[in-house]
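The structure under discussion appears below in the form of structure tokens.
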Amino acid sequence: MKKIFITQPFLPPISDYKKLLEDIWDSKVLTNNGYFHQKFEKELSSYLNVKYISIVNNATTGLILAQKAMEFKGEIITTPYSFIATAHSILWNGLKPVFLDVDDCYGNLKVSKIIDTISPTTGGILAAHNYGIPCDLKSLKIISSKYNIPLIIDAAPGMGVKLDDKSIFNYGITSVVSFHGTKVFTTMEGGAVICPTLEIKEKIDKLKNFSILNQNQISGLGINGKMNEAEAALGILQLKYLESNIKKRKIIFEKYKSLVAKSNRIRLLDIPKNISYNYCYAPIFFLEGRKTRDLAFKKMKEHNIICRKYWSPLITDHNPYSKMKLYELKNAKKLSDRVLCLPIYPDIEKADLDRILKIILQFVA
């Protein structure tokens with residue numbers, strides 16, 4: 001029986017990519033802010049309608065560098081309901097994550113809890129657009145300004161998402177997006193830091209190139225966070241297909257939605273009306289809890305359908321974080337016990353989708 005994976009990357013025609021690779025071969029420029037690196041940054045900025053972008057070798061590096069550039073310090077308020085890289089980036093900077101609960105619908109940081117948590121040792125807020133659904137940007141920005149606490153958004157799956165007809169990266173907040181192979185938009189590996197000011201972009205650009213000033217000087221500690229030319233060239237091609245791929249993903253999402261719409265046992269992620277979603281995930285939540293979710297996961301696996309429990313376990317359940325400072329995580333734990341992400345990607349075959357729907361149907365009634 002054919003294996004169906006949780007996701008599968010869309011790749012453009014190899015013939016088109018080969019032409020760009022030939023240009024790279026001819027130029028002998030493989031990295032260090034080459035032609036395709038500059039071109040990709042420019043075209044990505046245009047697509048997102050933002051001024052300042054720094055593309056990087058992956059989003060985790062982007063998060064680490066963004067925290068350096070934004071001068072995070074001390075304790076960082078963040079979410080337990082995310083991919084582990086969100087918290088790892090804090091530890092890599094020698095800082096201390098403080099975990100707050102999330103909302104019970106989308107798994108985004110519960111903004112109402114932040115003000116009560118702020119202390120003299122709070123030196124940053126790292127929120128996330130969980131499942132690509134925007135967190136409360138307006139409220140977070142107000143809190144950041146009022147208390148003079150730097151704010152960063154881990155927007156790893158957010159490529160192509162719009163809020164009120166505007167890119168989620170166009171709200172004046174430093175954000176990091178991923179171009180990993182599991183994402184809606186991929187450059188194999190890669191990511192970008194979307195910067196609200198030229199000053200922050202220049203800081204990121206310097207940090208990702210070892211903080212080199214010239215052949216004889218460095219300005220401080222830096223790292224190699226540059227995207228190479230082959231990945232940047234792929235990114236340029238991928239931009240041409242992003243919108244059509246999102247439309248294809250939507251069709252699959254709607255199939256799942258129609259199946260569980262009237263169920264009192266399962267709910268699918270509900271997309272707010274003011275959001276143009278990219279359908280990067282298709283999470284369903286089993287209202288009866290972990291036992292039923294795990295049974296569904298097992299049945300899927302028996303039929304060679306690879307689902308994922310994003311996010312179970314919680315970040316705070318892992319050893320590096322189990323003794324970290326945290327507050328009541330009631331909603332995060334509930335979501336973690338109930339969630340199962342279903343396969344979704346543009347080229348999923350009808351027969352494969354029917355296999356998935358058939359198993360879900362067993363849990364709907």
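Identifiers in the structure tokens: chain A, B, ... in order shown; residue index from 1 per chain; ligand index from 1 in order shown.
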Region 78-187 of chain A: which residues are strand (DSSP E) by DSSP, as a PyMOL selection string?
chain A and resi 78+96-99+122-128+151-154+162-163+166-167+174-178
Using only C-alpha atoms, which residues sit within 10 Å of Tyr281 (chain A) once same-chain residues fewer than 3 positions away are excluded, as a PyMOL selection string?
chain A and resi 6-7+130-133+157+183-184+249+253+269+277-278+284+310+341-345
Using only C-alpha atoms, tabulate the residues of region 2-31 of chain A lying at most 10 Å from any atom of region 237-248 of chain A, each with its closest atom pair and that distance in Å to one decimal, by chain and increasing residue number, as a tab-separated table.
residue	atom	partner	partner_atom	distance
A:Phe10	CA	A:Asn245	CA	7.9
A:Leu11	CA	A:Gln238	CA	7.5
A:Pro12	CA	A:Gln238	CA	6.7
A:Pro13	CA	A:Leu237	CA	9.2
A:Asp16	CA	A:Leu237	CA	8.0
A:Tyr17	CA	A:Leu237	CA	7.4
A:Leu20	CA	A:Leu237	CA	9.3
Those residues you just picked out, can you put them in a file as a compact mmCIF listing (two decimals), in the first residue's frame with N, CA and C atoms?
# COMPACT_ATOMS: atom_id res chain seq x y z
N PHE A 10 6.08 21.11 -3.24
CA PHE A 10 5.90 21.40 -4.66
C PHE A 10 7.25 21.87 -5.20
N LEU A 11 7.63 21.34 -6.36
CA LEU A 11 8.86 21.77 -7.02
C LEU A 11 8.53 22.18 -8.45
N PRO A 12 9.11 23.27 -8.93
CA PRO A 12 8.84 23.73 -10.30
C PRO A 12 9.48 22.81 -11.32
N PRO A 13 9.17 22.99 -12.60
CA PRO A 13 9.79 22.15 -13.64
C PRO A 13 11.32 22.19 -13.55
N ASP A 16 13.26 24.48 -15.90
CA ASP A 16 13.35 25.91 -15.56
C ASP A 16 14.45 26.15 -14.52
N TYR A 17 14.53 25.25 -13.56
CA TYR A 17 15.55 25.40 -12.51
C TYR A 17 16.95 25.17 -13.08
N LEU A 20 18.64 28.27 -14.42
CA LEU A 20 19.20 29.15 -13.39
C LEU A 20 20.48 28.55 -12.80
Can you check which parts of region 63-99 of chain A lie within 7 Å of region 116-129 of chain A? Per residue, the shortest pair of atoms and distance in Å to one decimal, counting only C-alpha atoms, sorted by chain and number, as CSV.
residue,atom,partner,partner_atom,distance
A:Phe72,CA,A:Gly124,CA,5.2
A:Lys73,CA,A:Gly123,CA,4.6
A:Gly74,CA,A:Gly123,CA,5.2
A:Glu75,CA,A:Thr122,CA,4.7
A:Ile76,CA,A:Gly124,CA,4.7
A:Ile77,CA,A:Ile125,CA,4.8
A:Thr78,CA,A:Leu126,CA,5.0
A:Thr79,CA,A:Ala127,CA,6.4
Just want the 9 Å neighbourhood of Asp104 (chain A), counted on only C-alpha atoms, with same-chain residues fewer than 4 positions away dropped. Output as a list of chain:residue names.
A:Asn108, A:Lys110, A:Lys330, A:Asn331, A:Ala332, A:Lys334, A:Leu335
Those same residues, written as a short mmCIF file (atom, residue, chain, number, x, y, z; two decimals), in the first residue's frame with all heavy atoms?
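Once written, part12.cif looks like this:
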data_model
loop_
_atom_site.label_atom_id
_atom_site.label_comp_id
_atom_site.auth_asym_id
_atom_site.auth_seq_id
_atom_site.Cartn_x
_atom_site.Cartn_y
_atom_site.Cartn_z
N ASN A 108 -2.64 30.14 19.61
CA ASN A 108 -1.78 31.32 19.65
C ASN A 108 -1.66 31.85 21.07
O ASN A 108 -2.57 31.69 21.89
CB ASN A 108 -2.31 32.42 18.72
CG ASN A 108 -1.99 32.15 17.27
OD1 ASN A 108 -0.93 31.62 16.95
ND2 ASN A 108 -2.90 32.51 16.37
N LYS A 110 -1.88 33.60 24.39
CA LYS A 110 -3.03 34.29 24.97
C LYS A 110 -2.58 35.66 25.49
O LYS A 110 -1.95 35.78 26.54
CB LYS A 110 -3.62 33.45 26.11
CG LYS A 110 -5.05 33.78 26.44
CD LYS A 110 -5.66 32.71 27.35
CE LYS A 110 -7.13 33.00 27.62
NZ LYS A 110 -7.74 31.97 28.49
N LYS A 330 -3.49 25.24 30.55
CA LYS A 330 -4.72 24.46 30.38
C LYS A 330 -5.09 24.28 28.91
O LYS A 330 -5.35 23.17 28.45
CB LYS A 330 -5.86 25.14 31.13
CG LYS A 330 -7.20 24.43 31.01
CD LYS A 330 -8.29 25.20 31.76
CE LYS A 330 -9.66 24.54 31.58
NZ LYS A 330 -10.72 25.29 32.29
N ASN A 331 -5.14 25.37 28.16
CA ASN A 331 -5.56 25.29 26.76
C ASN A 331 -4.53 24.58 25.90
O ASN A 331 -4.89 23.79 25.02
CB ASN A 331 -5.82 26.70 26.21
CG ASN A 331 -7.04 27.35 26.81
OD1 ASN A 331 -7.93 26.67 27.30
ND2 ASN A 331 -7.08 28.67 26.78
N ALA A 332 -3.27 24.87 26.16
CA ALA A 332 -2.20 24.22 25.39
C ALA A 332 -2.25 22.70 25.57
O ALA A 332 -2.11 21.94 24.59
CB ALA A 332 -0.84 24.77 25.82
N LYS A 334 -4.85 20.90 26.42
CA LYS A 334 -6.07 20.38 25.80
C LYS A 334 -5.88 20.22 24.29
O LYS A 334 -6.23 19.17 23.72
CB LYS A 334 -7.24 21.31 26.10
CG LYS A 334 -8.57 20.82 25.55
CD LYS A 334 -9.74 21.68 26.02
CE LYS A 334 -9.70 23.07 25.42
NZ LYS A 334 -10.90 23.87 25.76
N LEU A 335 -5.34 21.23 23.65
CA LEU A 335 -5.10 21.16 22.20
C LEU A 335 -4.10 20.05 21.88
O LEU A 335 -4.27 19.30 20.91
CB LEU A 335 -4.57 22.50 21.69
CG LEU A 335 -5.56 23.67 21.69
CD1 LEU A 335 -4.85 24.96 21.30
CD2 LEU A 335 -6.73 23.42 20.76
#
Considering only C-alpha atoms, can you say which of A:Glu328, A:Tyr47, A:Leu353, A:Ala232 comes closest to Asn170 (chain A)?
A:Tyr47
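Residue nearest Gly160 (chain A) within the list A:Leu63, A:Lys51, A:Pro134, A:Lys96: A:Pro134 [criterion: smallest interatomic distance, only C-alpha atoms].
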Could you write out, as a PyMOL selection string, all the residues of region 135-301 of chain A that DSSP marks as alpha helix (DSSP H)?
chain A and resi 137-147+198-207+229-238+242-260+290-301
Just want the 10 Å neighbourhood of region 313-326 of chain A, counted on only C-alpha atoms, with same-chain residues fewer than 4 positions away dropped. Output as a VMD selection string.
chain A and resid 75 77 to 88 91 96 to 101 309 332 to 333 335 to 337
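Distance-wise, CA of Ile152 (chain A) and CA of Tyr327 (chain A) end up 20.6 Å apart.
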